[in-house]
Amino acid sequence: MATPLGIAVIGTGRMGADHVRRIQEVVSGARVTAVVDIEAERAKAVAARVEGCAVHTDPAAAMASAEVDAVLVASPGPAHEAALMAAFARDLPVLCEKPLTPDAASALRLVEAERALGRRRVQVGFMRRYDAEYTRLKALLETGQLGRPLMLHQRHRNVASASFFTSDMLITDSVAHEVDVTRWLAGDEITAVTVLRPASSAGAPEGLIDPQFVVLETAGGALADVEIFVNCGFGYQVQAEAVCERGTARVGDGHAMVTAMAGRWGGSITQDWTERFADAYDREVQAWVDATRRGEVTGPSIWDGYAAAAVCEAGVRSLHEGGRVEVELAPRPSLYG
Ligand SMILES: NC(=O)C1=CN([C@@H]2O[C@H](COP(=O)(O)OP(=O)(O)OC[C@H]3O[C@@H](n4cnc5c(N)ncnc54)[C@H](O)[C@@H]3O)[C@@H](O)[C@H]2O)C=CC1
Ligand SMILES: O=C1[C@@H](O)[C@H](O)[C@@H](O)[C@H](O)[C@H]1O
C-alpha cells in the first residue's frame with residue numbers, strides 16, 4: 001500500500017487524543033482520517049489539529065467512509081463491543097485499547113464474531129508487550145538460562161484514581177495488564193484467582209477498596225502475586241520480578257537515570273502511564289500499522305483479550321465473595337494457535 005493507512009480513532013479522550021498525536025507525529029505510514037466521540041466538541045477539538053480529518057459521533061458512520069482503512073478503538077471498555085462489531089461488519093482491521101471488554105461474555109462474543117470472519121482482525125492494546133524492559137525480560141526467560149518461572153511478583157501503583165473508578169475496576173482496568181503479562185511470560189493460561197483486601201488507604205476515595213492483593217495460579221503451577229494500589233499518592237510504578245529455578249530477573253525499578261547532587265543520591269518516579277509507557281505505545285501503534293499494511297495481524301489477540309476478561313471476572317467474584325475462584329475458559333479456537 002503506497003498511500004498512508006487511513007485510521008479512524010474512536011474515542012478522543014486522554015488515550016484517543018494521545019494516539020491521534022502519535023499517529024500524526026511519530027508513526028510512519030499512517031494518518032488519522034476520522035475521529036469519533038459521543039462528545040462532539042471533544043472530537044472537533046482533536047480534529048482541528050489534523051488536516052482533512054472528519055468528525056463523527058457514531059463509530060459506524062466513520063467506518064463507512066472510503067478514507068478509513070483501519071480503526072483504533074480508545075473509547076471506554078463497555079463501548080468496545082459495539083465498535084468492534086461495527087468494524088467486523090466492514091472487515092476493517094482494529095487496534096483495540098485494553099480491556100477488550102469488561103466482562104467475559106461480551107469478550108467471548110467478539111472471539112466468536114472474529115472466528116466467523118475466518119481470520120484475525122484485532123490487536124488488543126496490551127502495550128507492556130512492546131515495552132523495552134518487559135520485552136527484555138520475556139527474551140531472557142525464553143533463552144531458558146534461568147529455568148522455568150515459578151513465581152512472578154508484580155506491583156502496579158497509580159498516583160490517584162479517576163472519579164469514576166470503582167473497586168471492580170482495580171481488577172478489570174488495572175490488573176488486566178498483569179493478567180496479560182502473567183499469561184505472556186508464563187506462556188500459560190491462568191486457572192484460578194484469589195483477591196485479598198488489605199486495610200484500605202485513607203488516601204483512597206470513600207468506599208473504594210484500595211489497595212488489593214491478587215494471587216493468580218497458572219495451569220503449569222506457577223504463582224503470580226499482584227499488588228494493585230491506585231491511590232498511592234507518590235508516583236506511577238509498574239514492576240515485575242520473575243523468580244525462576246536458577247535465578248531471578250526484575251524490571252520496572254525506574255533507574256533509567258540516577259543523580260548524585262548536593263549530598264543526595266536518587267532518581268525520580270514517573271507520574272502516569274503516558275510518561276512511563278510512551279515508547280511502548282509508540283512501538284505498539286507502529287507495529288500495528290506495519291502489520292496492517294502487510295495485510296497481517298500480529299500482537300496480543302482477541303483471545304488474549306478474552307482470557308484476560310475471564311480472569312478479571314473471576315477476580316471480581318473473589319473480591320466480593322472471598323476465596324479462590326476458578327477461571328472457566330471456553331475452548332480455544334484453532335485460529336489462536
Ligand atoms: N494501555 C493503557 O495503558 C491505557 C489504556 N486505557 C484504555 O483506553 C480507553 C480509553 O481510556 P481514556 O482515554 O483514559 O478514557 P477517557 O474517558 O479519557 O476517554 C474516553 C472517550 O471516549 C468517549 N466515548 C465514550 N463512549 C463512546 C462511544 N460509544 N463512542 C465513541 N466515543 C465514546 C468519551 O466521550 C471520551 O471522550 C479505555 O479502554 C482504557 O482502559 C486508558 C489508559 C491507559
Ligand atoms: O491502562 C491503564 C489505565 O486504564 C489504568 O486505570 C491504570 O491503572 C493503568 O496503570 C494504565 O496503564
# chains A, B, ... in the order shown; residues from 1 in each chain; ligands from 1
>>> residues_near_ligand(ligand="ligand 1", cutoff="7 Å", atoms="only C-alpha atoms and all ligand atoms", output="list in words")
Ile10, Gly11, Thr12, Gly13, Arg14, Met15, Gly16, Val36, Asp37, Ile38, Glu39, Arg42, Thr57, Asp58, Pro59, Ala74, Ser75, Pro76, Gly77, Ala79, Glu97, Lys98, Pro99, Gly125, Phe126, Met127, Asp173 and Trp273 of chain A
>>> write_last_selection(atoms="C-alpha atoms", output="PDB file, in the first residue's frame")
ATOM      1  CA  ILE A  10     -12.888   6.083  18.190  1.00  0.00           C
ATOM      2  CA  GLY A  11     -12.894   7.983  21.488  1.00  0.00           C
ATOM      3  CA  THR A  12     -10.910  11.221  21.731  1.00  0.00           C
ATOM      4  CA  GLY A  13     -10.359  11.321  25.489  1.00  0.00           C
ATOM      5  CA  ARG A  14      -6.954  11.016  27.097  1.00  0.00           C
ATOM      6  CA  MET A  15      -5.717   7.909  25.261  1.00  0.00           C
ATOM      7  CA  GLY A  16      -7.514   8.602  21.976  1.00  0.00           C
ATOM      8  CA  VAL A  36     -15.310   9.814  16.681  1.00  0.00           C
ATOM      9  CA  ASP A  37     -16.619  10.783  20.094  1.00  0.00           C
ATOM     10  CA  ILE A  38     -20.085  10.884  21.611  1.00  0.00           C
ATOM     11  CA  GLU A  39     -18.962  14.305  22.890  1.00  0.00           C
ATOM     12  CA  ARG A  42     -14.138  16.956  22.171  1.00  0.00           C
ATOM     13  CA  THR A  57     -20.342  10.941  16.846  1.00  0.00           C
ATOM     14  CA  ASP A  58     -21.205   7.448  15.582  1.00  0.00           C
ATOM     15  CA  PRO A  59     -18.381   4.892  15.038  1.00  0.00           C
ATOM     16  CA  ALA A  74      -9.982   4.185  22.522  1.00  0.00           C
ATOM     17  CA  SER A  75     -13.470   4.598  23.960  1.00  0.00           C
ATOM     18  CA  PRO A  76     -14.170   3.171  27.465  1.00  0.00           C
ATOM     19  CA  GLY A  77     -14.229  -0.647  27.793  1.00  0.00           C
ATOM     20  CA  ALA A  79     -18.242   0.655  24.412  1.00  0.00           C
ATOM     21  CA  GLU A  97      -7.341  -0.466  23.742  1.00  0.00           C
ATOM     22  CA  LYS A  98      -7.478  -2.725  26.771  1.00  0.00           C
ATOM     23  CA  PRO A  99      -9.634  -4.089  28.273  1.00  0.00           C
ATOM     24  CA  GLY A 125      -3.692  -2.848  23.338  1.00  0.00           C
ATOM     25  CA  PHE A 126      -1.692  -4.702  25.974  1.00  0.00           C
ATOM     26  CA  MET A 127       1.216  -2.322  25.411  1.00  0.00           C
ATOM     27  CA  ASP A 173      -8.997  -1.921  34.235  1.00  0.00           C
ATOM     28  CA  TRP A 273       1.308   5.738  32.101  1.00  0.00           C
TER      29      TRP A 273
END
>>> residues_around(residues="range 297-302 of chain A", least_positions_apart="4", cutoff="8 Å", atoms="only C-alpha atoms", output="list in words")
Pro93, Leu100, Ala107, Leu110, Val111, Arg120, Arg121, Val122, Gln123, Val124, Gly125, Phe126, Ala287, Trp288, Ala291, Thr292, Tyr306 and Tyr336 of chain A
>>> residues_near_ligand(ligand="ligand 2", cutoff="10 Å", atoms="only C-alpha atoms and all ligand atoms", output="JSON, numbers by chain")
{"A": [15, 76, 77, 97, 98, 99, 125, 126, 127, 128, 156, 157, 158, 159, 160, 161, 162, 165, 169, 170, 171, 172, 173, 174, 175, 176, 177, 178, 228, 229, 230, 231, 236, 237, 238, 272, 273, 274, 276, 277]}
>>> write_last_selection(atoms="C-alpha atoms", output="PDB file, in the first residue's frame")
ATOM      1  CA  MET A  15      -5.717   7.909  25.261  1.00  0.00           C
ATOM      2  CA  PRO A  76     -14.170   3.171  27.465  1.00  0.00           C
ATOM      3  CA  GLY A  77     -14.229  -0.647  27.793  1.00  0.00           C
ATOM      4  CA  GLU A  97      -7.341  -0.466  23.742  1.00  0.00           C
ATOM      5  CA  LYS A  98      -7.478  -2.725  26.771  1.00  0.00           C
ATOM      6  CA  PRO A  99      -9.634  -4.089  28.273  1.00  0.00           C
ATOM      7  CA  GLY A 125      -3.692  -2.848  23.338  1.00  0.00           C
ATOM      8  CA  PHE A 126      -1.692  -4.702  25.974  1.00  0.00           C
ATOM      9  CA  MET A 127       1.216  -2.322  25.411  1.00  0.00           C
ATOM     10  CA  ARG A 128       3.549  -3.790  28.014  1.00  0.00           C
ATOM     11  CA  HIS A 156       1.128  -1.691  39.987  1.00  0.00           C
ATOM     12  CA  ARG A 157       0.744   1.709  41.618  1.00  0.00           C
ATOM     13  CA  ASN A 158      -1.063   4.797  40.302  1.00  0.00           C
ATOM     14  CA  VAL A 159      -0.841   8.256  41.898  1.00  0.00           C
ATOM     15  CA  ALA A 160      -4.641   8.692  42.092  1.00  0.00           C
ATOM     16  CA  SER A 161      -7.699   7.044  40.572  1.00  0.00           C
ATOM     17  CA  ALA A 162     -10.220   8.798  38.321  1.00  0.00           C
ATOM     18  CA  PHE A 165     -13.066   4.346  39.267  1.00  0.00           C
ATOM     19  CA  MET A 169     -12.027  -1.550  38.045  1.00  0.00           C
ATOM     20  CA  LEU A 170      -8.845  -2.042  40.069  1.00  0.00           C
ATOM     21  CA  ILE A 171      -9.074  -5.542  38.609  1.00  0.00           C
ATOM     22  CA  THR A 172     -10.821  -5.125  35.238  1.00  0.00           C
ATOM     23  CA  ASP A 173      -8.997  -1.921  34.235  1.00  0.00           C
ATOM     24  CA  SER A 174      -5.642  -2.076  36.031  1.00  0.00           C
ATOM     25  CA  VAL A 175      -4.759  -5.680  36.985  1.00  0.00           C
ATOM     26  CA  ALA A 176      -5.882  -6.651  33.447  1.00  0.00           C
ATOM     27  CA  HIS A 177      -2.323  -5.637  32.441  1.00  0.00           C
ATOM     28  CA  GLU A 178      -0.689  -8.006  34.960  1.00  0.00           C
ATOM     29  CA  ILE A 228      -2.649  -3.029  42.916  1.00  0.00           C
ATOM     30  CA  PHE A 229      -2.734   0.368  44.630  1.00  0.00           C
ATOM     31  CA  VAL A 230      -4.347   3.121  42.560  1.00  0.00           C
ATOM     32  CA  ASN A 231      -4.156   5.948  45.109  1.00  0.00           C
ATOM     33  CA  TYR A 236       3.326   5.618  38.843  1.00  0.00           C
ATOM     34  CA  GLN A 237       5.188   2.363  39.457  1.00  0.00           C
ATOM     35  CA  VAL A 238       4.897  -0.851  37.470  1.00  0.00           C
ATOM     36  CA  ASP A 272       1.484   8.288  34.906  1.00  0.00           C
ATOM     37  CA  TRP A 273       1.308   5.738  32.101  1.00  0.00           C
ATOM     38  CA  THR A 274       1.641   8.269  29.270  1.00  0.00           C
ATOM     39  CA  ARG A 276       6.238   5.524  31.720  1.00  0.00           C
ATOM     40  CA  PHE A 277       4.954   3.693  28.648  1.00  0.00           C
TER      41      PHE A 277
END
>>> select_by_dssp(residues="range 72-260 of chain A", states="helix (DSSP H, G or I)", output="PyMOL selection string")
chain A and resi 77-89+104-117+127-130+132-143+169-186
>>> residues_around(residues="Pro149 in chain A", least_positions_apart="3", cutoff="7 Å", atoms="only C-alpha atoms", output="PyMOL selection string")
chain A and resi 186+222+242-245
>>> residues_around(residues="range 207-214 of chain A", least_positions_apart="2", cutoff="6 Å", atoms="only C-alpha atoms", output="count of residues only")
12
>>> atom_distance(atom1="CA of Arg317 in chain A", atom2="CA of Thr218 in chain A")
18.0 Å
>>> select_by_dssp(residues="range 56-195 of chain A", states="strand (DSSP E or B)", output="list in words")
His56, Ala70, Val71, Leu72, Val73, Val94, Leu95, Cys96, Glu97, Val122, Gln123, Val124, Gly125, Pro149, Leu150, Met151, Leu152, His153, Gln154, Arg155, His156, Arg157, Ile190, Thr191, Ala192, Val193, Thr194 and Val195 of chain A
>>> write_last_selection(atoms="C-alpha atoms", output="CSV table (one decimal), in the first residue's frame")
chain,number,residue,atom,x,y,z
A,56,HIS,CA,-18.3,11.8,13.8
A,70,ALA,CA,-8.4,0.7,9.9
A,71,VAL,CA,-9.8,1.6,13.3
A,72,LEU,CA,-8.2,2.4,16.6
A,73,VAL,CA,-10.7,2.0,19.5
A,94,VAL,CA,-8.6,-2.9,14.6
A,95,LEU,CA,-6.3,-1.9,17.4
A,96,CYS,CA,-8.5,-2.0,20.5
A,97,GLU,CA,-7.3,-0.5,23.7
A,122,VAL,CA,-7.9,-7.4,16.0
A,123,GLN,CA,-4.8,-6.5,18.0
A,124,VAL,CA,-5.6,-5.7,21.7
A,125,GLY,CA,-3.7,-2.8,23.3
A,149,PRO,CA,9.5,-19.3,36.0
A,150,LEU,CA,8.0,-20.4,39.4
A,151,MET,CA,6.7,-17.1,40.8
A,152,LEU,CA,6.1,-13.7,39.5
A,153,HIS,CA,5.9,-10.7,41.9
A,154,GLN,CA,4.2,-7.6,40.4
A,155,ARG,CA,3.4,-4.2,41.7
A,156,HIS,CA,1.1,-1.7,40.0
A,157,ARG,CA,0.7,1.7,41.6
A,190,ILE,CA,-4.4,-18.7,34.4
A,191,THR,CA,-6.7,-21.2,36.1
A,192,ALA,CA,-7.6,-19.6,39.5
A,193,VAL,CA,-7.7,-16.2,41.1
A,194,THR,CA,-7.8,-15.1,44.8
A,195,VAL,CA,-8.2,-11.4,45.7
>>> closest_residue(among="A:Glu51, A:Glu67, A:Glu241, A:Glu81", to="Leu141 in chain A", atoms="only C-alpha atoms")
A:Glu241
>>> residues_around(residues="Gly266 in chain A", least_positions_apart="3", cutoff="12 Å", atoms="only C-alpha atoms", output="compact mmCIF listing (two decimals) with C-alpha atoms, in the first residue's frame")
# COMPACT_ATOMS: atom_id res chain seq x y z
CA ASP A 253 12.76 -0.20 39.13
CA GLY A 254 12.78 3.10 37.25
CA HIS A 255 16.53 3.57 37.50
CA ALA A 256 16.89 4.94 33.99
CA MET A 257 18.75 7.94 35.42
CA VAL A 258 20.16 8.37 38.88
CA THR A 259 21.57 11.69 40.02
CA ALA A 260 24.01 12.50 42.80
CA MET A 261 23.84 16.12 43.86
CA ALA A 262 24.07 18.32 46.94
CA GLY A 263 24.64 15.41 49.30
CA ILE A 269 9.34 8.42 39.70
>>> closest_residue(among="A:Ala104, A:Ala17, A:Val325, A:Ile7", to="Asp304 in chain A", atoms="only C-alpha atoms")
A:Ala104
>>> atom_distance(atom1="CA of Gly147 in chain A", atom2="CA of Glu284 in chain A")
28.7 Å
